[in-house]
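Structure data follow from input.tsv (TSV, C-alpha atoms and all ligand atoms):
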chain	number	residue	atom	x	y	z
A	1	MET	CA	28.26	-17.42	-31.54
A	2	PHE	CA	28.04	-16.57	-35.25
A	3	ALA	CA	28.31	-19.29	-37.86
A	4	THR	CA	31.71	-19.65	-39.51
A	5	ALA	CA	32.92	-22.05	-42.13
A	6	PHE	CA	36.57	-23.07	-42.10
A	7	PRO	CA	37.40	-25.04	-45.27
A	8	LYS	CA	40.52	-27.15	-44.67
A	9	THR	CA	42.66	-26.20	-47.65
A	10	ASN	CA	44.31	-22.79	-47.39
A	11	THR	CA	45.13	-20.12	-44.79
A	12	ALA	CA	43.09	-17.38	-46.45
A	13	SER	CA	39.93	-19.46	-46.28
A	14	ARG	CA	40.37	-19.90	-42.52
A	15	ILE	CA	39.37	-16.28	-42.16
A	16	PRO	CA	35.70	-16.15	-41.11
A	17	SER	CA	33.37	-14.14	-43.31
A	18	ASP	CA	32.06	-12.09	-40.36
A	19	LEU	CA	35.40	-10.75	-39.14
A	20	PHE	CA	33.80	-8.03	-37.01
A	21	GLY	CA	31.68	-10.61	-35.18
A	22	ALA	CA	34.63	-12.99	-34.82
A	23	ILE	CA	36.83	-10.26	-33.34
A	24	ASP	CA	34.07	-9.26	-30.91
A	25	GLU	CA	33.80	-12.89	-29.74
A	26	LEU	CA	37.57	-13.13	-29.29
A	27	LYS	CA	37.56	-9.90	-27.26
A	28	LYS	CA	35.15	-11.53	-24.80
A	29	ASP	CA	36.97	-14.88	-24.74
A	30	LEU	CA	40.38	-13.30	-24.14
A	31	LYS	CA	39.15	-10.41	-21.93
A	32	ALA	CA	40.98	-8.27	-24.47
A	33	ILE	CA	40.90	-4.61	-25.37
A	34	VAL	CA	41.68	-3.45	-28.92
A	35	LEU	CA	43.54	-0.13	-28.99
A	36	ALA	CA	43.94	1.52	-32.39
A	37	HIS	CA	45.76	4.55	-33.72
A	38	TYR	CA	44.00	6.92	-36.14
A	39	TYR	CA	46.36	5.88	-38.95
A	40	GLN	CA	44.95	2.35	-39.02
A	41	GLU	CA	42.70	1.28	-41.89
A	42	PRO	CA	39.00	2.19	-41.36
A	43	ASP	CA	37.85	-1.40	-40.57
A	44	ILE	CA	40.37	-1.64	-37.74
A	45	GLN	CA	39.26	1.70	-36.34
A	46	ASP	CA	35.64	0.50	-36.48
A	47	VAL	CA	36.37	-2.67	-34.50
A	48	ALA	CA	38.55	-0.96	-31.86
A	49	ASP	CA	37.47	-0.30	-28.28
A	50	TYR	CA	39.52	2.88	-28.19
A	51	ILE	CA	41.01	4.99	-30.99
A	52	GLY	CA	43.46	7.72	-30.13
A	53	ASP	CA	46.74	9.54	-30.44
A	54	SER	CA	49.92	8.29	-28.81
A	55	LEU	CA	49.16	9.98	-25.48
A	56	GLY	CA	45.58	8.71	-25.31
A	57	LEU	CA	46.71	5.22	-26.26
A	58	SER	CA	49.39	5.22	-23.52
A	59	GLN	CA	46.87	6.46	-20.97
A	60	GLN	CA	44.46	3.70	-21.97
A	61	ALA	CA	47.24	1.11	-21.81
A	62	ALA	CA	48.19	2.39	-18.33
A	63	SER	CA	44.65	2.17	-16.97
A	64	THR	CA	43.04	-0.84	-18.65
A	65	ASP	CA	41.99	-3.87	-16.60
A	66	ALA	CA	41.81	-6.05	-19.73
A	67	GLU	CA	43.98	-9.18	-19.61
A	68	VAL	CA	45.14	-8.92	-23.22
A	69	ILE	CA	46.04	-5.71	-25.08
A	70	VAL	CA	45.69	-5.97	-28.84
A	71	PHE	CA	47.59	-3.02	-30.24
A	72	ALA	CA	46.56	-1.90	-33.71
A	73	GLY	CA	49.39	0.51	-34.29
A	74	VAL	CA	53.15	0.27	-34.70
A	75	HIS	CA	55.79	-1.50	-32.65
A	76	PHE	CA	56.88	1.40	-30.42
A	77	MET	CA	53.25	1.90	-29.35
A	78	ALA	CA	52.70	-1.74	-28.47
A	79	GLU	CA	56.10	-1.78	-26.75
A	80	THR	CA	55.02	1.19	-24.60
A	81	ALA	CA	51.89	-0.76	-23.61
A	82	LYS	CA	54.11	-3.72	-22.64
A	83	ILE	CA	56.45	-1.48	-20.63
A	84	LEU	CA	53.40	-0.33	-18.65
A	85	ASN	CA	51.91	-3.85	-18.40
A	86	PRO	CA	54.67	-6.43	-17.94
A	87	ASP	CA	52.23	-9.13	-16.81
A	88	LYS	CA	49.76	-8.70	-19.65
A	89	LEU	CA	49.87	-10.26	-23.07
A	90	VAL	CA	50.40	-7.49	-25.63
A	91	ILE	CA	49.90	-8.48	-29.24
A	92	LEU	CA	50.57	-6.60	-32.46
A	93	PRO	CA	48.86	-7.86	-35.67
A	94	ASP	CA	52.11	-7.54	-37.67
A	95	LEU	CA	55.40	-7.52	-35.79
A	96	ASP	CA	57.06	-5.82	-38.78
A	97	ALA	CA	54.95	-2.68	-38.26
A	98	GLY	CA	57.89	-0.45	-37.31
A	99	CYS	CA	58.47	3.29	-37.66
A	100	SER	CA	60.96	5.22	-39.79
A	101	LEU	CA	61.27	7.84	-37.07
A	102	ALA	CA	62.08	5.27	-34.37
A	103	ASP	CA	64.58	3.67	-36.81
A	104	SER	CA	66.27	7.04	-37.35
A	105	CYS	CA	67.66	6.94	-33.80
A	106	PRO	CA	69.95	3.91	-33.28
A	107	PRO	CA	70.71	3.43	-29.54
A	108	ASN	CA	74.53	3.28	-29.86
A	109	GLU	CA	74.70	6.54	-31.84
A	110	PHE	CA	72.27	8.16	-29.42
A	111	LYS	CA	74.40	7.06	-26.44
A	112	ALA	CA	77.39	8.88	-27.98
A	113	PHE	CA	75.24	11.97	-28.71
A	114	LYS	CA	74.06	11.99	-25.10
A	115	ALA	CA	77.63	11.58	-23.82
A	116	ALA	CA	78.64	14.66	-25.86
A	117	HIS	CA	76.01	16.70	-23.94
A	118	PRO	CA	76.44	15.39	-20.38
A	119	GLU	CA	74.62	18.25	-18.64
A	120	HIS	CA	71.49	17.96	-20.76
A	121	LEU	CA	68.12	16.56	-19.75
A	122	VAL	CA	66.88	14.11	-22.39
A	123	ILE	CA	63.29	14.47	-23.55
A	124	SER	CA	62.33	11.89	-26.15
A	125	TYR	CA	59.26	11.73	-28.34
A	126	ILE	CA	57.37	8.48	-27.71
A	127	ASN	CA	58.08	7.50	-31.36
A	128	CYS	CA	61.33	5.76	-30.40
A	129	THR	CA	62.46	2.30	-29.33
A	130	ALA	CA	62.44	1.07	-25.73
A	131	GLU	CA	66.27	1.37	-25.73
A	132	ILE	CA	66.00	5.09	-26.49
A	133	LYS	CA	63.28	5.50	-23.85
A	134	ALA	CA	65.61	3.81	-21.37
A	135	LEU	CA	68.28	6.44	-22.19
A	136	SER	CA	65.79	9.31	-21.69
A	137	ASP	CA	64.68	11.32	-18.65
A	138	ILE	CA	61.16	12.13	-19.85
A	139	ILE	CA	58.99	10.88	-22.73
A	140	CYS	CA	56.56	13.16	-24.52
A	141	THR	CA	54.06	12.94	-27.36
A	142	SER	CA	53.03	15.53	-29.92
A	143	SER	CA	50.11	16.53	-27.68
A	144	ASN	CA	52.11	17.23	-24.52
A	145	ALA	CA	55.65	18.10	-25.74
A	146	VAL	CA	55.20	21.88	-25.34
A	147	LYS	CA	53.57	21.44	-21.92
A	148	ILE	CA	56.38	19.17	-20.71
A	149	VAL	CA	59.23	21.37	-21.96
A	150	ASN	CA	57.53	24.37	-20.31
A	151	GLN	CA	57.73	22.55	-16.95
A	152	ILE	CA	61.53	22.28	-17.12
A	153	PRO	CA	63.46	25.14	-15.45
A	154	ARG	CA	64.68	27.57	-18.12
A	155	ASP	CA	68.31	27.26	-17.11
A	156	ARG	CA	68.28	23.50	-17.79
A	157	SER	CA	69.68	22.44	-21.18
A	158	ILE	CA	67.60	19.90	-23.10
A	159	ILE	CA	68.24	17.30	-25.78
A	160	PHE	CA	65.08	16.64	-27.79
A	161	ALA	CA	64.97	13.37	-29.75
A	162	PRO	CA	64.36	11.84	-32.22
A	163	ASP	CA	62.10	14.07	-34.41
A	164	ARG	CA	63.80	17.25	-35.64
A	165	ASN	CA	60.54	18.72	-36.97
A	166	LEU	CA	58.59	18.32	-33.75
A	167	GLY	CA	61.72	19.48	-31.88
A	168	ARG	CA	61.97	22.63	-33.98
A	169	TYR	CA	58.26	23.32	-33.47
A	170	VAL	CA	58.54	22.83	-29.68
A	171	ALA	CA	61.62	25.12	-29.58
A	172	GLU	CA	59.60	27.83	-31.36
A	173	GLN	CA	56.57	27.42	-29.10
A	174	THR	CA	58.57	27.45	-25.86
A	175	GLY	CA	61.34	29.88	-26.85
A	176	ARG	CA	63.88	27.24	-25.77
A	177	ASP	CA	67.15	26.37	-27.44
A	178	LEU	CA	66.79	22.59	-27.77
A	179	VAL	CA	69.60	20.32	-28.95
A	180	LEU	CA	67.89	18.25	-31.65
A	181	TRP	CA	68.54	14.72	-32.80
A	182	GLN	CA	68.14	14.81	-36.61
A	183	GLY	CA	65.48	12.12	-37.06
A	184	SER	CA	62.28	12.38	-39.07
A	185	CYS	CA	59.14	10.58	-40.24
A	186	ILE	CA	59.07	9.51	-43.90
A	187	VAL	CA	55.32	10.12	-44.08
A	188	HIS	CA	55.24	13.67	-42.71
A	189	GLU	CA	58.28	14.71	-44.73
A	190	THR	CA	56.58	13.62	-47.93
A	191	PHE	CA	54.00	16.42	-48.12
A	192	SER	CA	54.61	18.88	-50.90
A	193	GLU	CA	54.46	22.57	-49.97
A	194	LYS	CA	53.83	23.43	-53.63
A	195	ARG	CA	50.87	21.05	-53.93
A	196	ILE	CA	49.37	22.27	-50.63
A	197	VAL	CA	49.55	25.88	-51.86
A	198	GLU	CA	47.92	24.78	-55.14
A	199	LEU	CA	45.14	23.04	-53.17
A	200	LYS	CA	44.60	26.17	-51.11
A	201	THR	CA	44.09	28.10	-54.37
A	202	GLN	CA	41.58	25.47	-55.47
A	203	TYR	CA	39.76	25.52	-52.07
A	204	PRO	CA	40.32	29.07	-50.77
A	205	ALA	CA	37.95	28.63	-47.81
A	206	ALA	CA	39.71	25.49	-46.59
A	207	LYS	CA	41.76	25.60	-43.39
A	208	ILE	CA	45.16	23.90	-43.57
A	209	ILE	CA	45.75	21.64	-40.57
A	210	ALA	CA	49.07	19.89	-39.97
A	211	HIS	CA	50.86	17.52	-37.62
A	212	PRO	CA	54.06	18.96	-36.07
A	213	GLU	CA	56.10	16.11	-37.60
A	214	CYS	CA	55.73	18.00	-40.94
A	215	GLU	CA	58.60	20.13	-42.22
A	216	PRO	CA	58.67	23.90	-41.48
A	217	ALA	CA	57.88	24.67	-45.16
A	218	VAL	CA	54.49	22.97	-44.67
A	219	LEU	CA	53.88	24.10	-41.09
A	220	ARG	CA	54.23	27.76	-42.05
A	221	HIS	CA	51.05	27.47	-44.15
A	222	ALA	CA	49.05	25.79	-41.38
A	223	ASP	CA	46.08	27.45	-39.72
A	224	PHE	CA	46.27	24.86	-36.96
A	225	ILE	CA	49.06	22.50	-35.81
A	226	GLY	CA	48.49	19.63	-33.40
A	227	SER	CA	48.57	15.94	-32.55
A	228	THR	CA	46.12	13.67	-34.34
A	229	THR	CA	43.55	14.02	-31.53
A	230	ALA	CA	43.99	17.81	-31.53
A	231	LEU	CA	43.49	17.92	-35.32
A	232	LEU	CA	40.32	15.85	-35.00
A	233	LYS	CA	38.91	18.05	-32.22
A	234	TYR	CA	39.78	21.21	-34.17
A	235	CYS	CA	37.78	20.01	-37.19
A	236	GLN	CA	34.82	19.04	-34.99
A	237	SER	CA	34.61	22.36	-33.15
A	238	SER	CA	35.57	24.70	-36.00
A	239	SER	CA	32.84	26.62	-37.82
A	240	ASP	CA	34.82	26.06	-41.06
A	241	ARG	CA	33.62	23.38	-43.44
A	242	GLU	CA	36.70	22.44	-45.51
A	243	PHE	CA	40.09	21.26	-44.31
A	244	ILE	CA	43.33	20.35	-46.07
A	245	VAL	CA	44.76	17.62	-43.85
A	246	ALA	CA	48.58	17.37	-43.65
A	247	THR	CA	48.97	14.14	-41.72
A	248	GLU	CA	48.49	10.45	-42.52
A	249	PRO	CA	45.09	10.22	-44.27
A	250	GLY	CA	43.85	7.32	-42.08
A	251	ILE	CA	42.56	9.96	-39.67
A	252	ILE	CA	40.11	11.23	-42.28
A	253	HIS	CA	37.90	8.22	-41.48
A	254	GLN	CA	37.26	9.59	-37.95
A	255	MET	CA	36.99	13.15	-39.25
A	256	GLU	CA	34.27	12.12	-41.69
A	257	LYS	CA	32.47	10.07	-39.02
A	258	THR	CA	32.46	12.83	-36.42
A	259	ALA	CA	31.83	15.75	-38.82
A	260	PRO	CA	29.91	14.18	-41.72
A	261	ASN	CA	28.90	17.49	-43.29
A	262	LYS	CA	32.45	18.78	-43.62
A	263	ARG	CA	34.96	18.16	-46.40
A	264	PHE	CA	38.44	16.76	-45.72
A	265	ILE	CA	41.06	16.97	-48.44
A	266	PRO	CA	44.22	14.89	-47.91
A	267	ALA	CA	47.41	16.91	-48.44
A	268	PRO	CA	49.22	15.39	-51.42
A	269	ALA	CA	52.67	13.88	-51.41
A	270	ILE	CA	55.48	15.29	-53.57
A	271	ASN	CA	55.00	12.73	-56.37
A	272	ASN	CA	51.25	12.38	-55.96
A	273	CYS	CA	51.98	8.81	-54.85
A	274	ALA	CA	50.28	7.03	-51.94
A	275	CYS	CA	53.39	7.70	-49.83
A	276	ASN	CA	51.41	9.91	-47.46
A	277	GLU	CA	50.06	6.58	-46.12
A	278	CYS	CA	52.32	5.16	-43.43
A	279	PRO	CA	53.68	1.87	-44.84
A	280	HIS	CA	54.25	0.58	-41.30
A	281	MET	CA	50.81	1.37	-39.91
A	282	ARG	CA	49.21	-0.08	-43.03
A	283	LEU	CA	50.88	-3.48	-42.53
A	284	ASN	CA	48.12	-4.24	-40.02
A	285	THR	CA	44.90	-5.52	-41.56
A	286	LEU	CA	41.61	-6.68	-40.08
A	287	GLU	CA	42.50	-10.27	-41.08
A	288	LYS	CA	45.87	-10.08	-39.30
A	289	LEU	CA	44.16	-8.55	-36.26
A	290	TYR	CA	41.75	-11.49	-36.15
A	291	LEU	CA	44.53	-14.08	-36.59
A	292	ALA	CA	46.71	-12.41	-33.93
A	293	MET	CA	43.84	-12.61	-31.44
A	294	LYS	CA	43.00	-16.19	-32.40
A	295	ASN	CA	46.65	-17.31	-32.12
A	296	LYS	CA	47.54	-14.93	-29.23
A	297	SER	CA	50.57	-14.07	-31.34
A	298	PRO	CA	52.72	-12.20	-32.39
A	299	GLU	CA	53.48	-11.12	-28.86
A	300	VAL	CA	55.50	-7.99	-28.03
A	301	THR	CA	58.24	-8.68	-25.47
A	302	LEU	CA	61.37	-6.88	-24.32
A	303	PRO	CA	64.25	-7.48	-21.90
A	304	GLU	CA	63.27	-6.72	-18.28
A	305	ASP	CA	66.25	-4.36	-17.64
A	306	ILE	CA	65.28	-2.21	-20.64
A	307	ARG	CA	61.61	-2.30	-19.63
A	308	VAL	CA	62.35	-1.12	-16.09
A	309	ALA	CA	64.64	1.68	-17.34
A	310	ALA	CA	62.08	2.77	-19.95
A	311	LEU	CA	59.17	2.77	-17.48
A	312	GLN	CA	60.31	5.73	-15.38
A	313	PRO	CA	60.44	8.34	-18.19
A	314	ILE	CA	57.02	7.17	-19.41
A	315	GLN	CA	55.58	7.48	-15.90
A	316	ARG	CA	57.06	10.98	-15.66
A	317	MET	CA	55.27	11.89	-18.87
A	318	LEU	CA	51.94	10.54	-17.58
A	319	GLU	CA	52.35	12.57	-14.37
A	320	MET	CA	53.31	15.77	-16.25
A	321	SER	CA	50.55	15.56	-18.90
A	401	LIG	P1	50.06	11.30	-32.57
A	401	LIG	O1	48.89	10.44	-32.91
A	401	LIG	O2	50.44	11.15	-31.14
A	401	LIG	O3	49.82	12.71	-32.96
A	401	LIG	O4	51.31	10.76	-33.41
A	401	LIG	C1	51.32	10.72	-34.79
A	401	LIG	C2	52.22	9.67	-35.31
A	401	LIG	O5	52.99	9.86	-36.22
A	401	LIG	C3	52.14	8.37	-34.73
A	401	LIG	O6	53.06	7.56	-35.31
A	402	LIG	FE1	56.41	6.39	-37.67
A	402	LIG	FE2	55.71	8.36	-39.30
A	402	LIG	FE3	54.48	6.02	-39.50
A	402	LIG	FE4	54.03	7.60	-37.36
A	402	LIG	S1	53.50	8.02	-39.48
A	402	LIG	S2	54.44	5.39	-37.35
A	402	LIG	S3	56.05	8.53	-37.11
A	402	LIG	S4	56.67	6.40	-39.90

Go through the file and emit its structure as structure tokens.
Ligand code: 13P
Ligand code: SF4
Amino acid sequence: MFATAFPKTNTASRIPSDLFGAIDELKKDLKAIVLAHYYQEPDIQDVADYIGDSLGLSQQAASTDAEVIVFAGVHFMAETAKILNPDKLVILPDLDAGCSLADSCPPNEFKAFKAAHPEHLVISYINCTAEIKALSDIICTSSNAVKIVNQIPRDRSIIFAPDRNLGRYVAEQTGRDLVLWQGSCIVHETFSEKRIVELKTQYPAAKIIAHPECEPAVLRHADFIGSTTALLKYCQSSSDREFIVATEPGIIHQMEKTAPNKRFIPAPAINNCACNECPHMRLNTLEKLYLAMKNKSPEVTLPEDIRVAALQPIQRMLEMS
């Protein structure tokens, strides 16, 4: 065990100096796995056992034999892990790490929307609350949404919720007329088309890559559109050397690690502010991750009836992926 000093006076000083070592020890003690999304700060990505997009993270959560799942991501992701693992302890470093997209779809309003389209199949993006999952037939992520919609008979009407930008993109890719819930992500709607075009003039050889949660005005300039994992793989395998990245810039850490000789330029926000960083994802810190593991808290829980109802559409997604 590494040496740690814990002066008695304040909370901050109870944080060991070797946080990486301390987290590794806690992983062994708790038989825990640390799952992290690409939008987490670099230190969290470096300490994680698995880093991935929402689909990869759900697949890991579904297959892990760890006793404790430490979810370095946002609430709907940790909640999905809990839905799949009711008997495991699932902890989230900061319970306030929510999601503007999930918040844009309140369950009562969605119930009424669904009732107005009684014949429709409901496909919901995983970026939603457990209550919305429980009201859905199938869950999807940005990496499998097109594949899942393509498996639905063409004469079947579909509601797609909650992200209107991903929904519009999937409708275009599949040639389907989807009924869209009008939700969106504050981060992906913040990119400025004008600034991206200016950057392209500055770096004419750069490829523009974008997440499908971006608005159509941004997506129409993209050379490649995909989930975070798809964007990462594209940069690794491409013979191009410069990329303008229109998604949360946390992913650039993995891009630089896996393709160190390439250049990654974060797409700027409208006001040149730091609002292209997800304020929810960034609530998690390495210190909070350590404390959550040490205290086995905050724990993610949900009512059993909602969990059971939300499980089936997630399992359908895992089978159809
Ligand atoms: P993916 O990592 O599944 O592409 O999702 C991006 C996102 O916005 C997660 O909140
Ligand atoms: Fe939600 Fe957008 Fe943050 Fe992803 S980036 S967690 S969709 S607010």

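For stretch 27-30 of chain A, the list of residues within 12 Å, based on only C-alpha atoms and with local chain neighbours fewer than 4 positions off taken out, reads Met1, Phe20, Gly21, Ala22, Ile23, Val34, Leu35, Val47, Ala48, Asp49, Ala66, Glu67, Val68, Ile69, Val70, Lys88, Leu89, Val90, Ile91, Leu289, Tyr290, Ala292, Met293, Lys294, Asn295 and Lys296 of chain A.
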
Next, the residues of the selection above should be written as a PDB file, keeping the file's coordinate frame with C-alpha atoms.
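File produced: again_39.pdb:
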ATOM      1  CA  MET A   1      28.260 -17.420 -31.540  1.00  0.00           C
ATOM      2  CA  PHE A  20      33.800  -8.030 -37.010  1.00  0.00           C
ATOM      3  CA  GLY A  21      31.680 -10.610 -35.180  1.00  0.00           C
ATOM      4  CA  ALA A  22      34.630 -12.990 -34.820  1.00  0.00           C
ATOM      5  CA  ILE A  23      36.830 -10.260 -33.340  1.00  0.00           C
ATOM      6  CA  VAL A  34      41.680  -3.450 -28.920  1.00  0.00           C
ATOM      7  CA  LEU A  35      43.540  -0.130 -28.990  1.00  0.00           C
ATOM      8  CA  VAL A  47      36.370  -2.670 -34.500  1.00  0.00           C
ATOM      9  CA  ALA A  48      38.550  -0.960 -31.860  1.00  0.00           C
ATOM     10  CA  ASP A  49      37.470  -0.300 -28.280  1.00  0.00           C
ATOM     11  CA  ALA A  66      41.810  -6.050 -19.730  1.00  0.00           C
ATOM     12  CA  GLU A  67      43.980  -9.180 -19.610  1.00  0.00           C
ATOM     13  CA  VAL A  68      45.140  -8.920 -23.220  1.00  0.00           C
ATOM     14  CA  ILE A  69      46.040  -5.710 -25.080  1.00  0.00           C
ATOM     15  CA  VAL A  70      45.690  -5.970 -28.840  1.00  0.00           C
ATOM     16  CA  LYS A  88      49.760  -8.700 -19.650  1.00  0.00           C
ATOM     17  CA  LEU A  89      49.870 -10.260 -23.070  1.00  0.00           C
ATOM     18  CA  VAL A  90      50.400  -7.490 -25.630  1.00  0.00           C
ATOM     19  CA  ILE A  91      49.900  -8.480 -29.240  1.00  0.00           C
ATOM     20  CA  LEU A 289      44.160  -8.550 -36.260  1.00  0.00           C
ATOM     21  CA  TYR A 290      41.750 -11.490 -36.150  1.00  0.00           C
ATOM     22  CA  ALA A 292      46.710 -12.410 -33.930  1.00  0.00           C
ATOM     23  CA  MET A 293      43.840 -12.610 -31.440  1.00  0.00           C
ATOM     24  CA  LYS A 294      43.000 -16.190 -32.400  1.00  0.00           C
ATOM     25  CA  ASN A 295      46.650 -17.310 -32.120  1.00  0.00           C
ATOM     26  CA  LYS A 296      47.540 -14.930 -29.230  1.00  0.00           C
TER      27      LYS A 296
END

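Around A:Ser239, within 12 Å and counting all atoms listed in the file, the residues found are Ala205, Ala206, Lys207, Lys233, Tyr234, Cys235, Phe243, Ala259, Asn261 and Lys262 of chain A, once anything fewer than 4 positions away on its own chain is removed.
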
Within 9 Å of ligand LIG 401 (chain A), counting only C-alpha atoms and all ligand atoms, residues as a PyMOL selection string:
chain A and resi 37-39+52-57+73-74+76-77+99+101+126-127+141-143+185+187-188+211-213+226-231+247-248+278+281

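In this structure, atom CA of A:Val308 sits 23.6 Å away from atom CA of A:Ile33.
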
Would you compute the distance between atom CA of A:Gln59 and atom CA of A:Asn108? Give it in Å to one decimal.
29.2 Å
